[in-house]
>>> print(open('entry.cif').read())   # mmCIF, C-alpha atoms
data_entry
#
loop_
_atom_site.group_PDB
_atom_site.id
_atom_site.type_symbol
_atom_site.label_atom_id
_atom_site.label_comp_id
_atom_site.auth_asym_id
_atom_site.auth_seq_id
_atom_site.Cartn_x
_atom_site.Cartn_y
_atom_site.Cartn_z
ATOM 1 C CA MET G 1199 -4.812 -17.486 42.517
ATOM 2 C CA SER G 1200 -1.476 -16.890 40.855
ATOM 3 C CA GLU G 1201 -1.999 -20.063 38.816
ATOM 4 C CA ALA G 1202 -5.344 -18.768 37.569
ATOM 5 C CA GLY G 1203 -3.762 -15.401 36.819
ATOM 6 C CA GLY G 1204 -0.871 -17.130 35.060
ATOM 7 C CA THR G 1205 -3.277 -19.221 33.022
ATOM 8 C CA PHE G 1206 -5.229 -16.177 31.993
ATOM 9 C CA ALA G 1207 -2.034 -14.308 31.114
ATOM 10 C CA GLY G 1208 -0.809 -17.341 29.162
ATOM 11 C CA ARG G 1209 -4.075 -17.568 27.225
ATOM 12 C CA LYS G 1210 -3.988 -13.844 26.580
ATOM 13 C CA ASN G 1211 -0.431 -14.091 25.195
ATOM 14 C CA GLU G 1212 -1.413 -17.094 23.067
ATOM 15 C CA GLY G 1213 -4.414 -15.197 21.749
ATOM 16 C CA LEU G 1214 -2.326 -12.142 20.905
ATOM 17 C CA ALA G 1215 0.262 -14.330 19.176
ATOM 18 C CA ALA G 1216 -2.470 -16.059 17.168
ATOM 19 C CA LEU G 1217 -3.941 -12.686 16.187
ATOM 20 C CA LYS G 1218 -0.503 -11.424 15.180
ATOM 21 C CA ASN G 1219 0.097 -14.542 13.079
ATOM 22 C CA PHE G 1220 -3.354 -14.175 11.507
ATOM 23 C CA PHE G 1221 -2.759 -10.585 10.391
ATOM 24 C CA SER G 1222 0.788 -11.292 9.249
ATOM 25 C CA SER G 1223 -0.249 -14.153 6.959
ATOM 26 C CA ILE G 1224 -0.044 -13.753 3.205
ATOM 27 C CA PHE G 1225 -3.650 -14.965 2.972
ATOM 28 C CA ILE G 1226 -4.910 -11.922 4.898
ATOM 29 C CA TYR G 1227 -2.668 -9.593 2.902
ATOM 30 C CA ARG G 1228 -4.009 -10.958 -0.387
ATOM 31 C CA SER G 1229 -7.594 -10.995 0.880
ATOM 32 C CA PHE G 1230 -7.415 -7.355 1.964
ATOM 33 C CA ARG G 1231 -5.755 -6.379 -1.308
ATOM 34 C CA ILE G 1232 -8.383 -8.194 -3.400
ATOM 35 C CA LEU G 1233 -11.238 -6.787 -1.304
ATOM 36 C CA LEU G 1234 -9.938 -3.237 -1.671
ATOM 37 C CA SER G 1235 -9.400 -3.810 -5.379
ATOM 38 C CA ALA G 1236 -12.965 -5.098 -5.793
ATOM 39 C CA ILE G 1237 -14.367 -2.057 -3.989
ATOM 40 C CA PHE G 1238 -12.490 0.358 -6.253
ATOM 41 C CA LEU G 1239 -13.351 -1.619 -9.394
ATOM 42 C CA TRP G 1240 -17.037 -1.747 -8.467
ATOM 43 C CA SER G 1241 -17.069 1.935 -7.588
ATOM 44 C CA GLY G 1242 -15.243 3.065 -10.727
ATOM 45 C CA ILE G 1243 -17.165 0.855 -13.149
ATOM 46 C CA SER G 1244 -20.549 1.837 -11.706
ATOM 47 C CA LYS G 1245 -19.630 5.513 -12.093
ATOM 48 C CA LEU G 1246 -18.447 4.969 -15.666
ATOM 49 C CA MET G 1247 -21.767 3.314 -16.485
ATOM 50 C CA ASP G 1248 -23.535 6.608 -15.724
ATOM 51 C CA PRO G 1249 -21.043 9.487 -15.684
ATOM 52 C CA ASN G 1250 -23.885 12.032 -15.774
ATOM 53 C CA TYR G 1251 -25.069 10.885 -12.365
ATOM 54 C CA PHE G 1252 -21.562 11.088 -10.906
ATOM 55 C CA ALA G 1253 -21.080 14.542 -12.475
ATOM 56 C CA PHE G 1254 -24.354 15.600 -10.818
ATOM 57 C CA ILE G 1255 -23.036 14.377 -7.447
ATOM 58 C CA ILE G 1256 -19.732 16.214 -7.951
ATOM 59 C CA ASP G 1257 -21.651 19.368 -8.817
ATOM 60 C CA GLY G 1258 -23.571 19.046 -5.517
ATOM 61 C CA TYR G 1259 -20.346 19.633 -3.587
ATOM 62 C CA GLY G 1260 -19.754 22.932 -5.415
ATOM 63 C CA LEU G 1261 -16.011 22.385 -5.751
ATOM 64 C CA LEU G 1262 -15.748 22.605 -9.549
ATOM 65 C CA THR G 1263 -17.210 24.835 -12.224
ATOM 66 C CA ASP G 1264 -19.808 23.321 -14.548
ATOM 67 C CA PRO G 1265 -17.487 22.705 -17.518
ATOM 68 C CA LEU G 1266 -15.132 20.670 -15.299
ATOM 69 C CA THR G 1267 -17.636 18.358 -13.592
ATOM 70 C CA MET G 1268 -18.114 15.878 -16.457
ATOM 71 C CA PRO G 1269 -14.389 15.527 -17.248
ATOM 72 C CA ALA G 1270 -13.662 15.137 -13.519
ATOM 73 C CA ALA G 1271 -16.358 12.460 -13.215
ATOM 74 C CA ILE G 1272 -14.865 10.482 -16.076
ATOM 75 C CA VAL G 1273 -11.210 10.936 -15.059
ATOM 76 C CA PHE G 1274 -11.794 10.001 -11.400
ATOM 77 C CA SER G 1275 -13.775 6.926 -12.454
ATOM 78 C CA ILE G 1276 -11.085 5.766 -14.886
ATOM 79 C CA ILE G 1277 -8.376 6.287 -12.274
ATOM 80 C CA GLU G 1278 -10.429 4.248 -9.787
ATOM 81 C CA VAL G 1279 -10.751 1.378 -12.255
ATOM 82 C CA LEU G 1280 -7.073 1.424 -13.239
ATOM 83 C CA ALA G 1281 -5.927 1.630 -9.610
ATOM 84 C CA GLY G 1282 -8.280 -1.225 -8.699
ATOM 85 C CA LEU G 1283 -6.892 -3.379 -11.517
ATOM 86 C CA GLY G 1284 -3.332 -2.506 -10.520
ATOM 87 C CA LEU G 1285 -4.029 -3.416 -6.921
ATOM 88 C CA LEU G 1286 -5.625 -6.691 -7.996
ATOM 89 C CA VAL G 1287 -2.435 -7.829 -9.739
ATOM 90 C CA ASP G 1288 -0.194 -6.022 -7.231
ATOM 91 C CA ILE G 1289 1.470 -3.489 -9.514
ATOM 92 C CA ARG G 1290 3.873 -1.020 -7.923
ATOM 93 C CA GLY G 1291 2.258 2.368 -7.329
ATOM 94 C CA SER G 1292 -1.343 1.184 -7.413
ATOM 95 C CA LEU G 1293 -1.683 1.160 -3.621
ATOM 96 C CA ALA G 1294 -0.300 4.711 -3.545
ATOM 97 C CA VAL G 1295 -2.915 5.808 -6.107
ATOM 98 C CA VAL G 1296 -5.687 4.115 -4.109
ATOM 99 C CA THR G 1297 -4.382 5.834 -0.967
ATOM 100 C CA GLY G 1298 -4.399 9.216 -2.718
ATOM 101 C CA LEU G 1299 -7.909 8.697 -4.085
ATOM 102 C CA LEU G 1300 -9.230 7.598 -0.726
ATOM 103 C CA ALA G 1301 -7.548 10.517 1.051
ATOM 104 C CA SER G 1302 -9.069 12.962 -1.443
ATOM 105 C CA PHE G 1303 -12.498 11.356 -1.005
ATOM 106 C CA MET G 1304 -12.140 11.698 2.759
ATOM 107 C CA VAL G 1305 -11.247 15.379 2.422
ATOM 108 C CA ILE G 1306 -14.237 15.995 0.138
ATOM 109 C CA LEU G 1307 -16.607 14.107 2.444
ATOM 110 C CA SER G 1308 -15.274 16.050 5.432
ATOM 111 C CA TYR G 1309 -15.839 19.272 3.507
ATOM 112 C CA GLY G 1310 -19.427 18.212 2.786
ATOM 113 C CA ILE G 1311 -20.013 17.352 6.447
ATOM 114 C CA TRP G 1312 -18.487 20.657 7.542
ATOM 115 C CA LEU G 1313 -20.793 22.581 5.200
ATOM 116 C CA GLY G 1314 -23.789 20.472 6.211
ATOM 117 C CA LEU G 1315 -24.483 19.408 2.615
ATOM 118 C CA ASP G 1316 -27.462 17.151 2.027
ATOM 119 C CA VAL G 1317 -26.020 15.176 -0.899
ATOM 120 C CA ASP G 1318 -25.287 11.569 -1.714
ATOM 121 C CA CYS G 1319 -21.635 10.648 -1.288
ATOM 122 C CA GLY G 1320 -21.458 9.375 -4.867
ATOM 123 C CA CYS G 1321 -19.444 6.370 -3.745
ATOM 124 C CA PHE G 1322 -20.910 3.618 -5.914
ATOM 125 C CA GLY G 1323 -22.907 5.324 -8.629
ATOM 126 C CA PRO G 1324 -26.645 5.323 -9.226
ATOM 127 C CA GLU G 1325 -27.063 1.559 -8.795
ATOM 128 C CA ASP G 1326 -25.976 1.758 -5.165
ATOM 129 C CA PRO G 1327 -29.030 0.689 -3.130
ATOM 130 C CA GLU G 1328 -27.892 2.825 -0.218
ATOM 131 C CA SER G 1329 -27.790 5.956 -2.370
ATOM 132 C CA GLU G 1330 -31.577 5.951 -2.676
ATOM 133 C CA ALA G 1331 -31.949 5.661 1.076
ATOM 134 C CA PHE G 1332 -29.364 8.467 1.509
ATOM 135 C CA ARG G 1333 -26.903 6.938 3.856
ATOM 136 C CA GLY G 1334 -25.208 10.198 4.712
ATOM 137 C CA LEU G 1335 -21.749 11.596 4.406
ATOM 138 C CA ARG G 1336 -20.711 10.605 7.928
ATOM 139 C CA SER G 1337 -21.210 6.880 7.355
ATOM 140 C CA ALA G 1338 -19.393 7.149 4.014
ATOM 141 C CA LEU G 1339 -16.504 8.854 5.804
ATOM 142 C CA LEU G 1340 -16.439 6.072 8.419
ATOM 143 C CA GLN G 1341 -16.284 3.485 5.638
ATOM 144 C CA ASP G 1342 -13.405 5.378 4.053
ATOM 145 C CA ILE G 1343 -11.591 5.445 7.401
ATOM 146 C CA ALA G 1344 -12.034 1.658 7.656
ATOM 147 C CA MET G 1345 -10.614 1.252 4.148
ATOM 148 C CA MET G 1346 -7.695 3.501 5.089
ATOM 149 C CA LEU G 1347 -6.965 1.189 8.033
ATOM 150 C CA VAL G 1348 -6.853 -1.714 5.568
ATOM 151 C CA ILE G 1349 -4.437 0.303 3.418
ATOM 152 C CA PHE G 1350 -2.220 0.965 6.426
ATOM 153 C CA HIS G 1351 -2.211 -2.784 7.120
ATOM 154 C CA LEU G 1352 -1.141 -3.488 3.524
ATOM 155 C CA TYR G 1353 1.706 -0.984 3.765
ATOM 156 C CA PHE G 1354 2.777 -2.347 7.158
ATOM 157 C CA TRP G 1355 2.642 -5.945 5.899
ATOM 158 C CA ARG G 1356 4.826 -5.048 2.918
ATOM 159 C CA TYR G 1357 7.286 -3.302 5.211
ATOM 160 C CA ARG G 1358 7.450 -6.214 7.686
ATOM 161 C CA GLN G 1359 7.818 -8.826 4.942
ATOM 162 C CA SER G 1360 10.252 -6.686 2.914
ATOM 163 C CA MET G 1361 8.027 -7.309 -0.068
ATOM 164 C CA ALA G 1362 7.632 -4.952 -2.991
ATOM 165 C CA PRO G 1363 4.913 -5.161 -5.626
ATOM 166 C CA LYS G 1364 5.820 -5.876 -9.235
ATOM 167 C CA PRO G 1365 6.727 -3.031 -11.583
ATOM 168 C CA LEU G 1366 4.340 -2.530 -14.490
ATOM 169 C CA THR G 1367 7.132 -3.321 -16.967
ATOM 170 C CA ASN G 1368 7.154 -6.954 -15.745
ATOM 171 C CA PHE G 1369 3.729 -7.450 -17.312
ATOM 172 C CA PHE G 1370 4.952 -6.412 -20.773
ATOM 173 C CA ARG G 1371 8.002 -8.682 -20.922
ATOM 174 C CA SER G 1372 7.686 -11.933 -22.779
#
>>> encode(input="entry.cif", output="structure tokens")
Amino acid sequence: MSEAGGTFAGRKNEGLAALKNFFSSIFIYRSFRILLSAIFLWSGISKLMDPNYFAFIIDGYGLLTDPLTMPAAIVFSIIEVLAGLGLLVDIRGSLAVVTGLLASFMVILSYGIWLGLDVDCGCFGPEDPESEAFRGLRSALLQDIAMMLVIFHLYFWRYRQSMAPKPLTNFFRS
């Protein structure tokens, strides 16, 4: 029986080591970074394609006065696109901006859930097929939590590998 227990324990340790190696690989780091970048690019570009729709969604939360909703819709969308591009090429500070945007979205979604608002989350603009089916603020918040876990992994990977992203000035040098 101890041999069977030892075999199971050995397999468990091998499995945990393989999982640790999998998540510590540069391939996973880059894949997560590109995936997160694609999500923010898609989200920002789709909102920029129809800023009136996104302004309407922002207005549904009741957090801003009418004259501020359109500028906020445009500014948030542009920041999403720029942060997504920065994350794609791994520019210093872009992950921090993505983290800040995602944290603010989570706060706003939580506020909407707390108030019991019946609004679309506004996550991916009017072309989002789930927006027509009204997926709900709770599922959008759960998706944001999952993305935040990916962000935590990216930060942890950078810390463990002692790797820092490139400063923006490196892209302008010849």
>>> atom_distance(input="entry.cif", atom1="atom CA of G:Asp1257", atom2="atom CA of G:Met1345")
24.9 Å
>>> residues_around(input="entry.cif", residues="G:Thr1267", least_positions_apart="4", cutoff="8 Å", atoms="only C-alpha atoms", output="number ranges by chain")
G: 1253-1254, 1256-1257, 1262-1263, 1271
>>> residues_around(input="entry.cif", residues="stretch 1305-1312 of chain G", least_positions_apart="4", cutoff="12 Å", atoms="only C-alpha atoms", output="short mmCIF file (atom, residue, chain, number, x, y, z; two decimals) with C-alpha atoms, in the frame of the given file")
data_model
loop_
_atom_site.label_atom_id
_atom_site.label_comp_id
_atom_site.auth_asym_id
_atom_site.auth_seq_id
_atom_site.Cartn_x
_atom_site.Cartn_y
_atom_site.Cartn_z
CA ILE G 1255 -23.04 14.38 -7.45
CA ILE G 1256 -19.73 16.21 -7.95
CA ASP G 1257 -21.65 19.37 -8.82
CA GLY G 1258 -23.57 19.05 -5.52
CA TYR G 1259 -20.35 19.63 -3.59
CA GLY G 1260 -19.75 22.93 -5.42
CA LEU G 1261 -16.01 22.38 -5.75
CA LEU G 1262 -15.75 22.60 -9.55
CA GLY G 1298 -4.40 9.22 -2.72
CA LEU G 1299 -7.91 8.70 -4.08
CA LEU G 1300 -9.23 7.60 -0.73
CA ALA G 1301 -7.55 10.52 1.05
CA ASP G 1316 -27.46 17.15 2.03
CA VAL G 1317 -26.02 15.18 -0.90
CA ASP G 1318 -25.29 11.57 -1.71
CA CYS G 1319 -21.64 10.65 -1.29
CA GLY G 1320 -21.46 9.38 -4.87
CA CYS G 1321 -19.44 6.37 -3.74
CA GLY G 1334 -25.21 10.20 4.71
CA LEU G 1335 -21.75 11.60 4.41
CA ARG G 1336 -20.71 10.60 7.93
CA SER G 1337 -21.21 6.88 7.36
CA ALA G 1338 -19.39 7.15 4.01
CA LEU G 1339 -16.50 8.85 5.80
CA LEU G 1340 -16.44 6.07 8.42
CA GLN G 1341 -16.28 3.48 5.64
CA ASP G 1342 -13.40 5.38 4.05
CA ILE G 1343 -11.59 5.44 7.40
#
>>> residues_around(input="entry.cif", residues="G:Tyr1353", least_positions_apart="2", cutoff="12 Å", atoms="only C-alpha atoms", output="PyMOL selection string")
chain G and resi 1222+1227+1230-1231+1290-1294+1296-1297+1346-1351+1355-1363
>>> atom_distance(input="entry.cif", atom1="atom CA of G:Leu1315", atom2="atom CA of G:Lys1245")
20.8 Å
>>> resolve_selection(input="entry.cif", expression="the PyMOL selection byres ((chain G and resi 1284) around 10)", output="number ranges by chain")
G: 1235, 1278-1283, 1285-1293, 1295-1296, 1363-1364, 1366
>>> closest_residue(input="entry.cif", among="G:Ile1224, G:Ser1244, G:Ala1344, G:Ser1275", to="G:Met1304", atoms="only C-alpha atoms")
G:Ala1344
>>> atom_distance(input="entry.cif", atom1="atom CA of G:Phe1370", atom2="atom CA of G:Ile1276")
21.0 Å
>>> decode(input="entry.cif", residues="stretch 1307-1321 of chain G", atoms="C-alpha atoms", output="PDB file, in the first residue's frame")
ATOM      1  CA  LEU G1307     -19.722  46.797 -12.814  1.00  0.00           C
ATOM      2  CA  SER G1308     -19.913  46.159  -9.068  1.00  0.00           C
ATOM      3  CA  TYR G1309     -21.674  49.496  -8.656  1.00  0.00           C
ATOM      4  CA  GLY G1310     -24.178  48.509 -11.353  1.00  0.00           C
ATOM      5  CA  ILE G1311     -24.788  45.139  -9.692  1.00  0.00           C
ATOM      6  CA  TRP G1312     -25.198  46.804  -6.300  1.00  0.00           C
ATOM      7  CA  LEU G1313     -27.789  49.210  -7.713  1.00  0.00           C
ATOM      8  CA  GLY G1314     -29.520  46.421  -9.630  1.00  0.00           C
ATOM      9  CA  LEU G1315     -29.109  48.216 -12.970  1.00  0.00           C
ATOM     10  CA  ASP G1316     -30.530  46.509 -16.033  1.00  0.00           C
ATOM     11  CA  VAL G1317     -27.926  47.729 -18.537  1.00  0.00           C
ATOM     12  CA  ASP G1318     -25.451  46.195 -20.930  1.00  0.00           C
ATOM     13  CA  CYS G1319     -21.905  46.148 -19.596  1.00  0.00           C
ATOM     14  CA  GLY G1320     -20.641  48.000 -22.668  1.00  0.00           C
ATOM     15  CA  CYS G1321     -17.615  45.729 -22.846  1.00  0.00           C
TER      16      CYS G1321
END
